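What follows is run22.cif (mmCIF, C-alpha atoms (C1' of nucleotides)).
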```cif
data_model
loop_
_atom_site.label_atom_id
_atom_site.label_comp_id
_atom_site.auth_asym_id
_atom_site.auth_seq_id
_atom_site.Cartn_x
_atom_site.Cartn_y
_atom_site.Cartn_z
CA MET A 1 45.79 316.22 78.28
CA GLU A 2 48.16 318.60 80.05
CA GLN A 3 50.48 319.12 77.05
CA LYS A 4 53.65 318.92 79.13
CA SER A 5 56.00 319.75 76.34
CA ASP A 6 59.76 319.56 76.44
CA LEU A 7 60.00 322.26 73.83
CA LEU A 8 58.47 325.53 72.90
CA GLN A 9 56.30 324.45 70.04
CA GLY A 10 57.57 325.66 66.72
CA THR A 11 61.11 326.36 67.86
CA LEU A 12 62.61 322.99 67.04
CA ASP A 13 63.57 323.94 63.51
CA VAL A 14 65.45 327.05 64.47
CA LEU A 15 67.18 325.23 67.31
CA ILE A 16 68.38 322.51 65.00
CA LEU A 17 69.55 325.00 62.38
CA LYS A 18 71.45 326.92 65.00
CA ILE A 19 73.19 323.87 66.46
CA VAL A 20 74.14 322.64 63.02
CA ASP A 21 75.47 326.09 62.25
CA LEU A 22 78.05 325.58 64.98
CA GLY A 23 79.57 322.83 62.88
CA PRO A 24 78.70 319.50 61.26
CA ILE A 25 77.04 317.23 63.73
CA HIS A 26 74.94 314.08 63.75
CA GLY A 27 71.33 313.87 64.85
CA TYR A 28 71.88 312.25 68.18
CA GLY A 29 74.51 314.87 68.93
CA ILE A 30 72.11 317.67 68.13
CA ALA A 31 69.70 316.47 70.76
CA GLN A 32 72.53 316.17 73.27
CA ARG A 33 73.80 319.67 72.54
CA ILE A 34 70.37 321.21 72.92
CA ARG A 35 69.88 319.41 76.19
CA GLN A 36 73.30 320.39 77.40
CA ILE A 37 73.31 324.06 76.44
CA SER A 38 69.83 324.53 77.85
CA LYS A 39 70.77 322.74 81.05
CA LYS A 40 68.12 320.12 80.44
CA VAL A 41 65.34 322.65 80.07
CA LEU A 42 64.86 321.73 76.43
CA GLN A 43 64.70 318.06 75.56
CA VAL A 44 64.18 316.83 72.04
CA GLN A 45 62.52 313.45 71.76
CA GLN A 46 63.83 311.15 69.08
CA GLY A 47 60.36 310.92 67.59
CA SER A 48 60.51 314.67 67.09
CA LEU A 49 64.15 314.92 66.13
CA TYR A 50 64.47 312.58 63.17
CA PRO A 51 61.32 313.63 61.37
CA ALA A 52 62.43 317.22 61.85
CA LEU A 53 65.84 316.49 60.36
CA HIS A 54 64.27 314.82 57.35
CA ARG A 55 61.90 317.74 57.01
CA LEU A 56 64.72 320.29 57.04
CA GLU A 57 66.79 318.27 54.62
CA LYS A 58 63.83 317.94 52.27
CA ARG A 59 63.39 321.69 52.34
CA GLY A 60 66.97 322.13 51.34
CA TRP A 61 68.15 323.73 54.56
CA LEU A 62 70.30 320.83 55.70
CA ARG A 63 72.67 318.55 53.85
CA ALA A 64 73.38 315.08 55.21
CA GLU A 65 76.23 312.67 54.71
CA TRP A 66 77.28 309.52 56.45
CA GLY A 67 80.46 309.62 58.42
CA GLU A 68 82.13 308.30 61.49
CA ALA A 69 81.12 309.58 64.91
CA GLU A 70 83.60 310.26 67.69
CA THR A 71 82.69 306.86 69.04
CA GLY A 72 83.73 305.15 65.83
CA ARG A 73 80.20 304.40 64.73
CA GLU A 74 78.44 305.33 61.56
CA ALA A 75 76.32 308.42 61.90
CA LYS A 76 74.64 310.91 59.64
CA PHE A 77 76.31 314.27 59.78
CA TYR A 78 74.33 317.37 58.99
CA SER A 79 75.53 320.72 57.79
CA LEU A 80 73.82 323.92 56.72
CA THR A 81 73.22 324.75 53.11
CA LYS A 82 73.41 328.33 51.93
CA VAL A 83 69.62 328.53 51.94
CA GLY A 84 69.65 326.97 55.39
CA ARG A 85 71.83 329.72 56.73
CA LYS A 86 69.44 332.32 55.35
CA GLN A 87 66.57 330.43 56.88
CA LEU A 88 68.34 330.40 60.23
CA GLU A 89 68.74 334.14 60.14
CA ALA A 90 65.10 334.63 59.18
CA GLU A 91 63.84 332.33 61.90
CA ARG A 92 66.11 333.80 64.48
CA ALA A 93 64.82 337.27 63.69
CA ASN A 94 61.28 335.97 63.84
CA TRP A 95 61.92 334.40 67.21
CA ASP A 96 63.30 337.65 68.59
CA ARG A 97 60.34 339.60 67.32
CA LEU A 98 57.68 337.21 68.56
CA SER A 99 59.22 336.25 71.88
CA GLU A 100 59.75 339.87 72.73
CA ALA A 101 56.12 340.57 71.98
CA VAL A 102 54.96 337.71 74.15
CA THR A 103 57.17 338.80 77.01
CA MET A 104 55.88 342.33 76.63
CA ILE A 105 52.32 341.19 77.03
CA LEU A 106 53.11 338.95 79.96
CA ARG A 107 54.77 341.87 81.72
CA THR A 108 51.93 344.29 81.10
CA ALA A 109 50.87 345.80 84.39
CA GLU A 110 47.51 347.36 85.21
CA MET B 1 53.56 325.25 53.41
CA GLU B 2 55.75 327.90 54.97
CA GLN B 3 53.93 327.99 58.34
CA LYS B 4 53.68 331.77 58.39
CA SER B 5 52.20 332.03 61.81
CA ASP B 6 50.86 335.12 63.52
CA LEU B 7 51.62 333.63 66.90
CA LEU B 8 54.28 331.69 68.68
CA GLN B 9 52.70 328.28 68.72
CA GLY B 10 51.61 327.24 72.17
CA THR B 11 51.55 330.71 73.65
CA LEU B 12 47.95 331.57 72.89
CA ASP B 13 46.61 330.17 76.14
CA VAL B 14 48.95 332.11 78.36
CA LEU B 15 48.37 335.28 76.36
CA ILE B 16 44.62 334.99 76.78
CA LEU B 17 44.90 334.22 80.48
CA LYS B 18 47.13 337.22 80.94
CA ILE B 19 44.88 339.63 79.11
CA VAL B 20 41.83 338.40 80.98
CA ASP B 21 43.76 338.81 84.20
CA LEU B 22 43.91 342.56 83.49
CA GLY B 23 40.14 342.66 83.95
CA PRO B 24 36.96 341.16 82.52
CA ILE B 25 36.92 341.45 78.78
CA HIS B 26 35.08 339.95 75.83
CA GLY B 27 36.62 337.71 73.18
CA TYR B 28 36.84 340.24 70.43
CA GLY B 29 38.47 342.64 72.85
CA ILE B 30 41.09 340.10 73.83
CA ALA B 31 42.25 339.83 70.24
CA GLN B 32 42.34 343.60 69.94
CA ARG B 33 44.35 344.00 73.12
CA ILE B 34 46.91 341.39 72.07
CA ARG B 35 47.28 343.06 68.72
CA GLN B 36 47.53 346.49 70.29
CA ILE B 37 49.99 345.71 73.08
CA SER B 38 52.22 343.76 70.73
CA LYS B 39 52.10 346.53 68.15
CA LYS B 40 50.57 344.19 65.62
CA VAL B 41 53.32 341.63 65.96
CA LEU B 42 50.89 339.10 67.44
CA GLN B 43 47.57 338.64 65.69
CA VAL B 44 45.00 336.18 66.88
CA GLN B 45 42.68 334.88 64.20
CA GLN B 46 39.05 334.43 65.17
CA GLY B 47 39.25 330.80 64.17
CA SER B 48 41.96 330.39 66.79
CA LEU B 49 40.49 332.72 69.38
CA TYR B 50 37.04 331.32 69.99
CA PRO B 51 37.99 327.66 70.12
CA ALA B 52 40.76 328.64 72.55
CA LEU B 53 38.32 330.51 74.77
CA HIS B 54 35.99 327.54 74.86
CA ARG B 55 38.92 325.28 75.61
CA LEU B 56 40.05 327.40 78.53
CA GLU B 57 36.54 327.71 79.86
CA LYS B 58 36.07 323.95 79.63
CA ARG B 59 39.25 323.43 81.62
CA GLY B 60 37.92 325.68 84.32
CA TRP B 61 40.41 328.49 83.87
CA LEU B 62 37.97 331.02 82.51
CA ARG B 63 34.45 331.93 83.49
CA ALA B 64 32.12 333.50 80.94
CA GLU B 65 29.02 335.60 81.24
CA TRP B 66 27.04 337.69 78.82
CA GLY B 67 27.09 341.40 79.31
CA GLU B 68 27.03 344.66 77.46
CA ALA B 69 30.10 345.83 75.58
CA GLU B 70 31.21 349.46 75.52
CA THR B 71 29.44 349.75 72.20
CA GLY B 72 26.14 348.73 73.72
CA ARG B 73 26.13 345.31 72.14
CA GLU B 74 25.83 341.93 73.75
CA ALA B 75 29.18 340.26 74.31
CA LYS B 76 30.58 337.41 76.33
CA PHE B 77 32.81 338.64 79.09
CA TYR B 78 35.53 336.41 80.43
CA SER B 79 37.21 336.46 83.79
CA LEU B 80 39.79 334.28 85.50
CA THR B 81 38.83 331.59 87.95
CA LYS B 82 41.03 330.85 90.91
CA VAL B 83 42.44 327.83 89.11
CA GLY B 84 42.92 330.01 86.05
CA ARG B 85 45.09 332.42 87.97
CA LYS B 86 47.25 329.56 89.19
CA GLN B 87 47.47 328.28 85.66
CA LEU B 88 48.54 331.70 84.46
CA GLU B 89 51.35 331.78 86.97
CA ALA B 90 52.47 328.29 86.01
CA GLU B 91 52.41 329.02 82.31
CA ARG B 92 54.13 332.32 82.73
CA ALA B 93 56.94 330.66 84.66
CA ASN B 94 57.14 327.98 82.01
CA TRP B 95 57.37 330.62 79.30
CA ASP B 96 60.20 332.39 81.09
CA ARG B 97 62.11 329.16 81.54
CA LEU B 98 61.69 327.90 78.01
CA SER B 99 62.09 331.17 76.15
CA GLU B 100 65.24 331.94 78.05
CA ALA B 101 66.62 328.54 77.12
CA VAL B 102 65.80 329.06 73.46
CA THR B 103 67.39 332.49 73.45
CA MET B 104 70.44 331.08 75.17
CA ILE B 105 70.91 328.51 72.45
CA LEU B 106 70.34 331.01 69.67
CA ARG B 107 73.02 333.23 71.16
CA THR B 108 75.57 330.47 71.59
CA ALA B 109 78.78 331.46 69.87
CA GLU B 110 81.10 328.94 68.23
"C1'" DT C 1 74.28 288.53 81.02
"C1'" DT C 2 72.15 292.32 81.42
"C1'" DA C 3 71.65 296.99 81.28
"C1'" DT C 4 72.86 301.51 79.46
"C1'" DA C 5 74.48 304.67 76.05
"C1'" DT C 6 74.93 305.46 71.26
"C1'" DA C 7 72.72 305.95 66.82
"C1'" DT C 8 68.97 305.62 63.40
"C1'" DG C 9 64.37 305.28 62.20
"C1'" DT C 10 58.75 304.71 61.63
"C1'" DA C 11 53.64 304.54 62.90
"C1'" DG C 12 49.90 306.46 64.93
"C1'" DA C 13 47.65 309.69 67.83
"C1'" DT C 14 46.85 314.13 69.55
"C1'" DT C 15 46.47 318.94 69.35
"C1'" DA C 16 46.82 323.68 68.08
"C1'" DG C 17 46.18 326.95 64.94
"C1'" DC C 18 44.84 328.28 60.25
"C1'" DT C 19 41.60 329.25 56.32
"C1'" DA C 20 37.28 329.97 55.06
"C1'" DG C 21 33.06 330.23 55.77
"C1'" DG C 22 28.28 331.86 58.34
"C1'" DC C 23 25.16 335.01 61.19
"C1'" DG C 24 23.47 339.49 62.92
"C1'" DT C 25 23.96 344.54 64.12
"C1'" DC C 26 25.36 349.18 63.60
"C1'" DA C 27 27.41 353.38 61.46
"C1'" DC C 28 28.99 355.62 57.63
"C1'" DT C 29 29.29 356.98 52.91
"C1'" DC C 30 28.24 356.97 47.97
"C1'" DG D 1 19.00 352.69 49.70
"C1'" DA D 2 23.01 350.03 48.75
"C1'" DG D 3 27.25 348.93 49.98
"C1'" DT D 4 31.25 348.65 53.09
"C1'" DG D 5 33.56 347.90 57.17
"C1'" DA D 6 33.80 347.39 62.11
"C1'" DC D 7 31.92 344.84 65.81
"C1'" DG D 8 30.81 340.43 67.99
"C1'" DC D 9 29.80 335.55 68.04
"C1'" DC D 10 30.55 330.95 66.00
"C1'" DT D 11 31.88 326.15 63.39
"C1'" DA D 12 33.96 322.80 59.99
"C1'" DG D 13 37.75 320.89 58.06
"C1'" DC D 14 42.57 320.91 57.03
"C1'" DT D 15 47.49 320.84 57.98
"C1'" DA D 16 51.55 320.52 60.53
"C1'" DA D 17 54.27 319.72 64.56
"C1'" DT D 18 55.22 317.06 68.31
"C1'" DC D 19 54.63 313.17 71.36
"C1'" DT D 20 54.50 308.20 72.76
"C1'" DA D 21 55.82 303.92 71.68
"C1'" DC D 22 57.93 300.95 69.13
"C1'" DA D 23 61.93 298.66 66.21
"C1'" DT D 24 66.88 297.83 65.11
"C1'" DA D 25 71.91 297.46 65.87
"C1'" DT D 26 76.52 298.01 68.28
"C1'" DA D 27 79.62 298.96 72.17
"C1'" DT D 28 80.76 299.14 76.81
"C1'" DA D 29 80.29 298.70 81.72
"C1'" DA D 30 78.41 296.21 85.77
#
```
In structure tokens, how does this file's structure come out?
Amino acid sequence: MEQKSDLLQGTLDVLILKIVDLGPIHGYGIAQRIRQISKKVLQVQQGSLYPALHRLEKRGWLRAEWGEAETGREAKFYSLTKVGRKQLEAERANWDRLSEAVTMILRTAE
Amino acid sequence: MEQKSDLLQGTLDVLILKIVDLGPIHGYGIAQRIRQISKKVLQVQQGSLYPALHRLEKRGWLRAEWGEAETGREAKFYSLTKVGRKQLEAERANWDRLSEAVTMILRTAE
DNA sequence: TTATATATGTAGATTAGCTAGGCGTCACTC
DNA sequence: GAGTGACGCCTAGCTAATCTACATATATAA
């Protein structure tokens, strides 16, 4: 089934945490930011995004409150909790460790 | 449930293909090599390894044949097919693209 | 008026990887 | 000779993440 993913599986959480860490932002905006910063390499589907946000909120890493978007519409704004910030640091470190290891293997010569 | 993974999800296939590309090797050896090269950062569980090998073989990327391991025991040796080598290149390129994008986002300041 | 962008969400399917088991052999030690 | 651990293969069943596809509502541009 080809598994043509728009993400690196398992990285969505840390990406969301990082984007939210840049400042309160609503869900739709998170997806836009990820797409934009990555120059369209990473694309978060809505069916992945919203469940992920609810997941992270449930775990106590994100806090949500309704507010007004730049466009004047109602939107749910997310921000990091204290635990969420710790989680971000942990996941970021984990990413560095693991991705470096993968790259190391892929570059192994001989 | 904390998802304490020993791998970066979705990278197992490319890791296996890469290791096999270094020369014919049996399943158990693949796991050892990955563990060794990554300095124990990446650890493939047997319950992940063997299904993955069968998956890759089924897709025509790996070829398997029984042979004798260094220890004198029977073992299944895997090698890359032509399609498998192409797949390795594709997945490696994909890894570079995606991991770079993730790292870029995680390093975004402000 | 019709489409596109914004904004939120759910249902259902797929898939990968994990835990936890099983089988058989060999070498070593207690 | 009994037990342990490494080697080498395997499967069953679970969980979790992500995807596709849908639904809803408003605003704006063509």
For C:DG24, which of B:Glu110, B:Asp96, B:Glu74, B:Glu89 is the closest residue, counting all atoms listed in the file?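 Selected residue with least distance to C:DG24: B:Glu74.
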Using all atoms listed in the file, collect all residues at a distance of at most 10 Å from (45.7, 322.3, 56.7) as written in the file, then present them as a PyMOL selection string. (chain B and resi 1) or (chain C and resi 17-19) or (chain D and resi 13-16)
Please identify every residue of chain C that has at least one atom no more than 10 Å from any atom of chain A, counting only C-alpha atoms (C1' of nucleotides), and report them as an MDAnalysis selection string. chainID C and resid 6:10 14:16
Next, the residues of the selection above should be written as a CSV table (one decimal), in the coordinates of the input with C-alpha atoms (C1' of nucleotides).
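Result file follows (out18.csv):
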```csv
chain,number,residue,atom,x,y,z
C,6,DT,C1',74.9,305.5,71.3
C,7,DA,C1',72.7,306.0,66.8
C,8,DT,C1',69.0,305.6,63.4
C,9,DG,C1',64.4,305.3,62.2
C,10,DT,C1',58.8,304.7,61.6
C,14,DT,C1',46.8,314.1,69.6
C,15,DT,C1',46.5,318.9,69.4
C,16,DA,C1',46.8,323.7,68.1
```
Residues picked by the PyMOL selection byres ((chain B and resi 14) around 12) here, as a PyMOL selection string? (chain A and resi 102-103+105-107) or (chain B and resi 7-13+15-21+34+52-53+56+61-62+80+84-96)
The distance between atom CA of B:Val44 and atom CA of A:Gln43 is 28.1 Å
Exactly which residues make up the result of the PyMOL selection byres ((chain D and resi 28) around 9) on this file, given as an MDAnalysis selection string? (chainID C and resid 4:5) or (chainID D and resid 27 29)
From the options B:Glu70, B:Glu57, B:Glu65, B:Asp6, which residue's atoms come nearest to chain A, counting all atoms listed in the file? B:Asp6
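In this structure, atom CA of B:Lys39 sits 11.1 Å away from atom CA of A:Glu100.
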Determine the residue membership of the PyMOL selection byres ((chain D and resi 2) around 12) for the file above and supply it as a ChimeraX atom specification. /C:29-30 /D:1,3-4
When the cut-off is 10 Å and we count all atoms listed in the file, which residues of chain D are near chain B, given as a ChimeraX atom specification? /D:7-11,15-17
Edge lengths and centre in Å to one decimal, as lines of an AutoDock Vina configuration file, is what I'm after for the box along x, y and z that holds all listed atoms of stretch 14-30 of chain D once 8 Å is added on each side.
```
center_x = 61.7
center_y = 308.6
center_z = 71.4
size_x = 54.2
size_y = 40.7
size_z = 44.7
```
Pick from B:Leu42, B:Ile30, B:Ile25, B:Val83: nearest to chain A, with all atoms listed in the file counted?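 For chain A, the nearest of the given residues is B:Leu42.
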